file input_5.csv (CSV, C-alpha atoms and all ligand atoms)
chain,number,residue,atom,x,y,z
A,753,MET,CA,11.5,-151.6,172.3
A,754,PRO,CA,8.3,-153.0,173.9
A,755,ARG,CA,7.3,-151.3,177.1
A,756,ASP,CA,7.3,-153.6,180.1
A,757,PRO,CA,3.7,-154.9,180.4
A,758,PHE,CA,4.2,-155.3,184.2
A,759,ASP,CA,6.8,-154.8,186.8
A,760,PRO,CA,9.0,-157.9,187.0
A,761,GLU,CA,10.0,-157.5,190.6
A,762,THR,CA,6.7,-156.8,192.3
A,763,VAL,CA,4.4,-158.7,190.0
A,764,GLY,CA,6.5,-161.1,187.9
A,765,ALA,CA,8.3,-162.7,190.8
A,766,VAL,CA,5.3,-162.7,193.1
A,767,GLU,CA,1.9,-163.7,191.4
A,768,HIS,CA,2.9,-167.2,190.4
A,769,TYR,CA,3.7,-168.0,194.0
A,770,LEU,CA,0.5,-166.9,195.6
A,771,GLU,CA,-1.4,-170.2,195.1
A,772,PRO,CA,1.0,-173.0,195.9
A,773,GLU,CA,-1.6,-175.8,195.6
A,774,LEU,CA,-2.0,-174.8,192.0
A,775,TYR,CA,1.8,-174.5,191.5
A,776,ASP,CA,2.3,-178.0,192.9
A,777,HIS,CA,-0.5,-179.4,190.7
A,778,GLU,CA,0.9,-177.8,187.6
A,779,TYR,CA,4.4,-179.3,188.2
A,780,ARG,CA,3.3,-182.6,189.8
A,781,ARG,CA,4.9,-184.6,187.0
A,782,ARG,CA,8.2,-182.7,187.1
A,783,ARG,CA,10.4,-185.3,188.7
A,784,ALA,CA,13.6,-185.4,186.6
A,785,ASP,CA,15.0,-182.3,188.3
A,786,VAL,CA,14.2,-183.6,191.8
A,787,ASN,CA,16.0,-186.8,191.0
A,788,PHE,CA,18.9,-184.9,189.5
A,789,TYR,CA,19.3,-182.8,192.7
A,790,ARG,CA,19.0,-186.0,194.8
A,791,GLU,CA,22.0,-187.4,192.8
A,792,VAL,CA,23.9,-184.2,193.2
A,793,ALA,CA,23.4,-184.2,197.0
A,794,ARG,CA,24.3,-187.9,197.1
A,795,ALA,CA,27.6,-187.0,195.3
A,796,HIS,CA,28.5,-183.9,197.2
A,797,GLY,CA,26.9,-184.4,200.5
A,798,GLY,CA,25.1,-181.9,202.7
A,799,PRO,CA,24.2,-179.9,204.6
A,800,VAL,CA,22.4,-178.3,201.6
A,801,LEU,CA,21.3,-174.7,201.2
A,802,GLU,CA,18.4,-174.3,198.8
A,803,LEU,CA,17.9,-170.8,197.4
A,804,GLY,CA,14.2,-170.4,196.4
A,805,CYS,CA,13.0,-173.6,198.0
A,806,GLY,CA,9.3,-172.7,197.2
A,807,SER,CA,6.8,-175.3,198.2
A,808,GLY,CA,9.5,-177.8,199.2
A,809,ARG,CA,9.4,-180.1,196.2
A,810,VAL,CA,13.2,-180.6,196.2
A,811,LEU,CA,13.8,-179.9,199.8
A,812,THR,CA,11.6,-182.6,201.2
A,813,ALA,CA,13.0,-185.2,198.8
A,814,LEU,CA,16.6,-184.3,200.1
A,815,CYS,CA,15.5,-184.5,203.7
A,816,ARG,CA,13.9,-187.9,203.1
A,817,ASP,CA,17.3,-189.0,201.6
A,818,GLY,CA,19.0,-188.1,204.9
A,819,HIS,CA,20.4,-184.6,204.1
A,820,GLU,CA,20.1,-181.6,206.3
A,821,VAL,CA,18.6,-178.8,204.2
A,822,VAL,CA,18.1,-175.2,204.9
A,823,GLY,CA,15.5,-173.8,202.5
A,824,LEU,CA,15.1,-170.1,201.9
A,825,ASP,CA,12.3,-168.3,200.0
A,826,ARG,CA,10.7,-164.9,200.2
A,827,ALA,CA,7.1,-166.1,199.2
A,828,ALA,CA,5.2,-166.7,202.5
A,829,PRO,CA,2.5,-168.9,200.8
A,830,MET,CA,5.1,-171.2,199.2
A,831,LEU,CA,6.9,-171.5,202.6
A,832,GLN,CA,3.7,-172.4,204.3
A,833,ARG,CA,3.1,-175.1,201.8
A,834,ALA,CA,6.7,-176.3,202.3
A,835,ALA,CA,6.1,-176.3,206.1
A,836,ALA,CA,3.0,-178.5,205.6
A,837,ARG,CA,5.0,-180.9,203.4
A,838,VAL,CA,7.8,-181.0,206.0
A,839,ALA,CA,5.2,-181.8,208.7
A,840,ARG,CA,4.2,-184.9,206.8
A,841,LEU,CA,7.8,-186.3,206.8
A,842,SER,CA,9.0,-188.8,209.3
A,843,ARG,CA,10.2,-187.3,212.6
A,844,ALA,CA,13.9,-187.9,211.6
A,845,ALA,CA,13.5,-186.3,208.2
A,846,ARG,CA,11.5,-183.4,209.7
A,847,ALA,CA,14.4,-182.7,212.0
A,848,ARG,CA,16.7,-182.2,209.0
A,849,ALA,CA,14.6,-179.4,207.5
A,850,THR,CA,14.9,-175.6,208.2
A,851,LEU,CA,12.7,-173.1,206.4
A,852,LEU,CA,13.6,-169.4,206.3
A,853,CYS,CA,11.7,-166.5,204.9
A,854,ALA,CA,14.4,-164.3,203.2
A,855,ASP,CA,15.5,-162.7,199.9
A,856,PHE,CA,18.4,-164.7,198.4
A,857,ARG,CA,19.9,-161.4,197.3
A,858,ALA,CA,20.4,-160.3,200.9
A,859,PHE,CA,20.7,-162.9,203.6
A,860,ALA,CA,23.3,-164.0,206.2
A,861,LEU,CA,23.3,-167.3,207.9
A,862,ARG,CA,26.8,-167.2,209.4
A,863,ARG,CA,27.5,-170.7,208.2
A,864,ARG,CA,28.8,-172.4,205.1
A,865,PHE,CA,27.5,-175.3,203.1
A,866,PRO,CA,29.3,-177.8,200.9
A,867,LEU,CA,26.4,-177.7,198.5
A,868,ILE,CA,24.1,-174.8,197.5
A,869,ILE,CA,21.4,-175.4,195.0
A,870,CYS,CA,18.9,-173.0,193.2
A,871,PRO,CA,16.5,-175.3,191.3
A,872,PHE,CA,13.8,-174.7,188.8
A,873,ASN,CA,14.5,-171.3,187.3
A,874,ALA,CA,14.6,-169.4,190.6
A,875,PHE,CA,17.7,-167.7,189.3
A,876,GLN,CA,15.6,-166.3,186.5
A,877,HIS,CA,14.1,-163.9,189.1
A,878,LEU,CA,17.4,-162.1,189.1
A,879,TYR,CA,16.4,-159.5,186.5
A,880,GLU,CA,19.3,-157.0,186.5
A,881,ARG,CA,23.0,-157.3,186.8
A,882,HIS,CA,23.0,-156.0,190.4
A,883,ASP,CA,20.5,-158.7,191.3
A,884,VAL,CA,22.7,-161.4,189.8
A,885,GLU,CA,25.7,-160.0,191.6
A,886,ALA,CA,23.9,-159.8,195.0
A,887,GLY,CA,22.7,-163.4,194.5
A,888,LEU,CA,26.1,-164.7,193.7
A,889,ARG,CA,27.7,-162.8,196.6
A,890,GLY,CA,25.2,-164.6,198.8
A,891,VAL,CA,26.4,-167.9,197.3
A,892,ASP,CA,30.0,-166.9,197.9
A,893,ARG,CA,29.4,-166.0,201.5
A,894,HIS,CA,27.7,-169.3,202.3
A,895,LEU,CA,29.7,-171.8,200.2
A,896,ALA,CA,32.3,-174.0,201.9
A,897,PRO,CA,35.8,-173.6,200.4
A,898,ASP,CA,35.5,-176.6,198.0
A,899,GLY,CA,31.8,-176.4,197.8
A,900,HIS,CA,29.5,-176.7,194.7
A,901,PHE,CA,26.8,-174.4,193.5
A,902,VAL,CA,24.3,-176.1,191.3
A,903,PHE,CA,21.4,-174.5,189.5
A,904,ASP,CA,19.2,-174.6,186.4
A,905,VAL,CA,17.7,-172.0,184.2
A,906,LEU,CA,15.8,-172.3,180.9
A,907,MET,CA,17.6,-172.4,177.6
A,908,PRO,CA,16.3,-169.2,175.9
A,909,ASP,CA,14.2,-170.3,172.9
A,910,LEU,CA,13.7,-167.4,170.6
A,911,ARG,CA,11.1,-169.2,168.6
A,912,TRP,CA,8.9,-169.6,171.7
A,913,LEU,CA,9.8,-166.2,173.2
A,914,THR,CA,8.7,-164.3,170.1
A,915,LYS,CA,5.4,-166.2,169.5
A,916,ASP,CA,2.4,-164.0,168.8
A,917,PRO,CA,1.6,-162.4,172.2
A,918,THR,CA,-2.0,-161.8,171.3
A,919,ARG,CA,-2.8,-165.5,171.0
A,920,HIS,CA,-3.0,-168.2,173.7
A,921,TRP,CA,-0.6,-171.1,173.7
A,922,ALA,CA,-0.2,-174.4,175.5
A,923,ARG,CA,-3.9,-174.9,176.0
A,924,THR,CA,-4.7,-177.6,178.6
A,925,ARG,CA,-7.8,-178.5,180.5
A,926,PHE,CA,-7.5,-179.6,184.2
A,927,LYS,CA,-9.5,-179.6,187.4
A,928,HIS,CA,-8.5,-177.0,189.9
A,929,PRO,CA,-6.9,-178.8,192.8
A,930,ARG,CA,-8.7,-176.8,195.5
A,931,THR,CA,-12.1,-176.0,194.0
A,932,GLY,CA,-12.5,-179.0,191.7
A,933,ARG,CA,-13.7,-176.7,189.0
A,934,PRO,CA,-12.7,-177.4,185.3
A,935,VAL,CA,-10.3,-174.9,184.1
A,936,LEU,CA,-8.7,-174.1,180.7
A,937,TYR,CA,-5.0,-173.2,181.1
A,938,SER,CA,-3.2,-171.3,178.4
A,939,THR,CA,-0.2,-168.9,178.3
A,940,ASN,CA,1.4,-166.2,176.2
A,941,GLN,CA,4.3,-163.8,176.6
A,942,THR,CA,5.9,-160.6,175.5
A,943,TYR,CA,9.6,-160.7,175.2
A,944,ASP,CA,11.8,-157.7,175.8
A,945,PRO,CA,15.0,-158.5,173.9
A,946,VAL,CA,16.9,-155.6,175.4
A,947,ARG,CA,16.3,-156.4,179.1
A,948,GLN,CA,16.1,-160.1,178.1
A,949,ILE,CA,13.0,-160.6,180.2
A,950,ALA,CA,10.0,-162.7,179.2
A,951,PHE,CA,6.8,-161.2,180.5
A,952,MET,CA,4.5,-164.2,180.7
A,953,ARG,CA,0.8,-164.4,181.4
A,954,ILE,CA,-0.9,-167.6,182.5
A,955,PHE,CA,-4.7,-167.7,181.9
A,956,TYR,CA,-7.1,-169.8,183.9
A,957,GLU,CA,-10.5,-169.8,182.3
A,958,PRO,CA,-13.4,-171.5,184.3
A,959,LEU,CA,-15.2,-173.9,182.0
A,960,ASP,CA,-18.2,-174.6,184.1
A,961,LEU,CA,-19.9,-171.2,183.4
A,962,PRO,CA,-21.4,-170.0,180.2
A,963,PRO,CA,-18.8,-168.1,178.1
A,964,GLU,CA,-20.3,-164.6,178.8
A,965,GLN,CA,-20.0,-165.2,182.6
A,966,ARG,CA,-16.5,-166.6,182.6
A,967,ARG,CA,-13.9,-164.4,184.3
A,968,THR,CA,-10.5,-165.5,183.3
A,969,ARG,CA,-7.9,-165.2,186.0
A,970,VAL,CA,-4.5,-164.0,184.8
A,971,VAL,CA,-1.3,-164.7,186.6
A,972,ARG,CA,1.8,-162.8,185.5
A,973,LEU,CA,5.3,-164.2,185.7
A,974,ALA,CA,8.6,-162.6,184.5
A,975,HIS,CA,11.7,-164.6,183.7
A,976,ARG,CA,15.1,-163.1,182.9
A,977,GLN,CA,16.6,-165.0,180.0
A,978,PHE,CA,20.3,-166.0,180.3
A,979,PHE,CA,22.2,-167.2,177.2
A,980,PRO,CA,24.8,-169.9,177.8
A,981,THR,CA,28.0,-167.8,177.2
A,982,GLU,CA,26.5,-164.9,179.1
A,983,ILE,CA,25.8,-167.0,182.2
A,984,GLU,CA,29.3,-168.4,182.1
A,985,ASP,CA,30.7,-164.9,181.9
A,986,LEU,CA,28.5,-163.7,184.8
A,987,LEU,CA,29.7,-166.6,186.9
A,988,HIS,CA,33.3,-165.9,185.9
A,989,TYR,CA,33.2,-162.2,186.8
A,990,ASN,CA,31.7,-163.1,190.1
A,991,GLY,CA,34.3,-165.6,191.1
A,992,PHE,CA,32.8,-168.9,189.9
A,993,SER,CA,33.7,-171.3,187.1
A,994,VAL,CA,31.5,-174.0,185.5
A,995,GLU,CA,32.8,-177.5,186.3
A,996,ALA,CA,30.1,-179.1,184.2
A,997,ARG,CA,27.0,-178.1,182.3
A,998,PHE,CA,24.1,-180.0,180.7
A,999,GLY,CA,21.2,-179.4,178.5
A,1000,GLY,CA,18.8,-181.4,180.8
A,1001,PHE,CA,18.5,-183.4,184.0
A,1002,HIS,CA,19.7,-186.7,182.4
A,1003,GLY,CA,23.2,-185.4,181.5
A,1004,GLU,CA,22.1,-184.3,177.9
A,1005,PRO,CA,24.7,-182.1,176.2
A,1006,LEU,CA,23.9,-178.4,176.1
A,1007,GLY,CA,23.0,-178.0,172.4
A,1008,PRO,CA,20.4,-176.2,170.3
A,1009,GLU,CA,17.6,-178.6,171.4
A,1010,ALA,CA,18.2,-178.2,175.1
A,1011,ASP,CA,15.3,-177.0,177.2
A,1012,ALA,CA,17.3,-176.3,180.3
A,1013,GLN,CA,20.8,-175.2,181.3
A,1014,VAL,CA,22.0,-177.2,184.3
A,1015,LEU,CA,25.2,-175.8,185.8
A,1016,ILE,CA,27.6,-177.3,188.3
A,1017,CYS,CA,29.8,-174.5,189.6
A,1018,VAL,CA,32.8,-174.1,191.9
A,1019,ARG,CA,34.7,-171.0,193.1
A,1020,SER,CA,37.4,-169.9,190.7
A,1021,ARG,CA,39.3,-167.8,193.3
B,1101,LIG,C1,9.9,-171.7,190.2
B,1101,LIG,S1,10.0,-171.6,192.0
B,1101,LIG,C2,11.1,-172.9,192.4
B,1101,LIG,C3,10.7,-173.5,193.7
B,1101,LIG,C4,11.5,-174.8,194.1
B,1101,LIG,N1,12.9,-174.6,194.1
B,1101,LIG,C5,11.1,-175.9,193.2
B,1101,LIG,O1,12.0,-176.5,192.5
B,1101,LIG,O2,9.9,-176.2,193.1
B,1101,LIG,C6,11.0,-170.1,192.3
B,1101,LIG,C7,11.0,-169.8,193.7
B,1101,LIG,O3,12.0,-168.7,193.9
B,1101,LIG,C8,11.5,-167.8,194.9
B,1101,LIG,N2,12.2,-166.6,194.7
B,1101,LIG,C9,12.2,-165.8,193.6
B,1101,LIG,N3,13.0,-164.7,193.9
B,1101,LIG,C10,13.5,-164.8,195.2
B,1101,LIG,C11,14.4,-164.0,196.0
B,1101,LIG,N4,14.9,-162.9,195.5
B,1101,LIG,N5,14.6,-164.5,197.2
B,1101,LIG,C12,14.0,-165.6,197.7
B,1101,LIG,N6,13.2,-166.4,197.0
B,1101,LIG,C13,12.9,-166.0,195.7
B,1101,LIG,C14,10.0,-167.7,194.6
B,1101,LIG,O4,9.3,-167.2,195.7
B,1101,LIG,C15,9.7,-169.2,194.2
B,1101,LIG,O5,9.2,-169.9,195.4
call {"tool": "encode", "arguments": {"input": "input_5.csv", "output": "structure tokens"}}
result
Amino acid sequence: MPRDPFDPETVGAVEHYLEPELYDHEYRRRRADVNFYREVARAHGGPVLELGCGSGRVLTALCRDGHEVVGLDRAAPMLQRAAARVARLSRAARARATLLCADFRAFALRRRFPLIICPFNAFQHLYERHDVEAGLRGVDRHLAPDGHFVFDVLMPDLRWLTKDPTRHWARTRFKHPRTGRPVLYSTNQTYDPVRQIAFMRIFYEPLDLPPEQRRTRVVRLAHRQFFPTEIEDLLHYNGFSVEARFGGFHGEPLGPEADAQVLICVRSR
């Protein structure tokens, strides 16, 4: 069994969220999930509770659509970025947003929501069974009796997870959004098949220096992998059932080619 290259909790759930401008730049073209959650909120209504709201990508779109949204995240830099985004909304939309710094495994808002969402793999920071249980207890405490819990996680792809961890993959050049410097982005990962955690490294190599002077920045990110039947079982044993599930944000069936697992859940008891 491979030794964990880094601690998932204190490194793998933290480092990727320290530079929100870079995060937003990397995911600037990711719109399908935002549109999906807008549709979900249109169908089920608000107020909406977003667990792991990050830099406010989804939250601000929902506020603009007229929904009240409470966004909760434990990464202060991401929340600051979300607050700056909220500040740019119209006065009416701004009034619909609330941002809270909290861990979604342990929070109490003393109110219930018809819709709770946990977009873009935030659930994959629940590394152990007790984390999943604590997260789902939080959903249970805050979900209205007929409410919906909607979230997405990656579909585990064993071909990708087990790629050679000594090589660099997904090489892309871009301009750093803050410094304007040219950067070579690449990634690799080590997969622990027992804990089902992917220990990823994201490399940012500055290209405007001679090779011998380049200091590559490495950002580490850990994602728990959830297999489809396992996630249904975890939901089941924690009082939820899956009303619908998809393999993407356009209603694709969940099959071998799916990138994502998108789950629409209700209480089962
Ligand atoms: C990939 S980002 C998704 C952000 C946002 N939902 C989006 O769609 O862009 C995951 C977010 O979950 C947050 N997060 C991870 N574990 C958390 C926890 N236990 N409690 C609160 N937030 C957490 C991270 O800080 C990060 O902002």
call {"tool": "atom_distance", "arguments": {"input": "input_5.csv", "atom1": "atom CA of Glu995 of chain A", "atom2": "atom CA of His900 of chain A"}}
result
9.1 Å
call {"tool": "closest_atom_pairs", "arguments": {"input": "input_5.csv", "of": "chain A", "to": "ligand LIG 1101 (chain B)", "cutoff": "6 Å", "atoms": "only C-alpha atoms and all ligand atoms", "output": "tab-separated table"}}
result
residue	atom	partner	partner_atom	distance
A:Ala765	CA	B:LIG1101	C9	5.7
A:Tyr769	CA	B:LIG1101	O4	5.9
A:Gly804	CA	B:LIG1101	O3	3.7
A:Cys805	CA	B:LIG1101	N1	4.0
A:Gly806	CA	B:LIG1101	O5	3.3
A:Arg809	CA	B:LIG1101	O2	5.0
A:Val810	CA	B:LIG1101	O1	5.7
A:Asp825	CA	B:LIG1101	N6	3.7
A:Arg826	CA	B:LIG1101	C12	4.2
A:Ala827	CA	B:LIG1101	O4	4.3
A:Met830	CA	B:LIG1101	O5	5.7
A:Ala854	CA	B:LIG1101	C12	5.7
A:Asp855	CA	B:LIG1101	N5	3.4
A:Phe856	CA	B:LIG1101	N5	4.0
A:Arg857	CA	B:LIG1101	N4	5.5
A:Pro871	CA	B:LIG1101	N1	4.6
A:Phe872	CA	B:LIG1101	O1	4.5
A:Asn873	CA	B:LIG1101	C1	5.5
A:Ala874	CA	B:LIG1101	C6	4.0
A:His877	CA	B:LIG1101	N3	5.0
call {"tool": "residues_around", "arguments": {"input": "input_5.csv", "residues": "Ser842 of chain A", "least_positions_apart": "2", "cutoff": "12 Å", "atoms": "all atoms listed in the file", "output": "ChimeraX atom specification"}}
result
/A:812-813,815-818,837-840,844-849
call {"tool": "residues_around", "arguments": {"input": "input_5.csv", "residues": "Gly1007 of chain A", "least_positions_apart": "6", "cutoff": "12 Å", "atoms": "all atoms listed in the file", "output": "list in words"}}
result
Met907, Pro908, Asp909, Phe979, Pro980, Arg997, Phe998, Gly999, Gly1000, Gln1013 and Val1014 of chain A
call {"tool": "atom_distance", "arguments": {"input": "input_5.csv", "atom1": "atom CA of Ile1016 of chain A", "atom2": "atom CA of Tyr779 of chain A"}}
result
23.3 Å
call {"tool": "atom_distance", "arguments": {"input": "input_5.csv", "atom1": "atom CA of Val884 of chain A", "atom2": "atom CA of Phe901 of chain A"}}
result
14.1 Å
call {"tool": "closest_residue", "arguments": {"input": "input_5.csv", "among": "A:Glu1004, A:Asp916, A:Asp904, A:Glu957", "to": "Gln977 of chain A", "atoms": "all atoms listed in the file"}}
result
A:Asp904
call {"tool": "closest_residue", "arguments": {"input": "input_5.csv", "among": "A:Phe875, A:Asp1011, A:Ile954, A:Thr981", "to": "Trp912 of chain A", "atoms": "all atoms listed in the file"}}
result
A:Asp1011
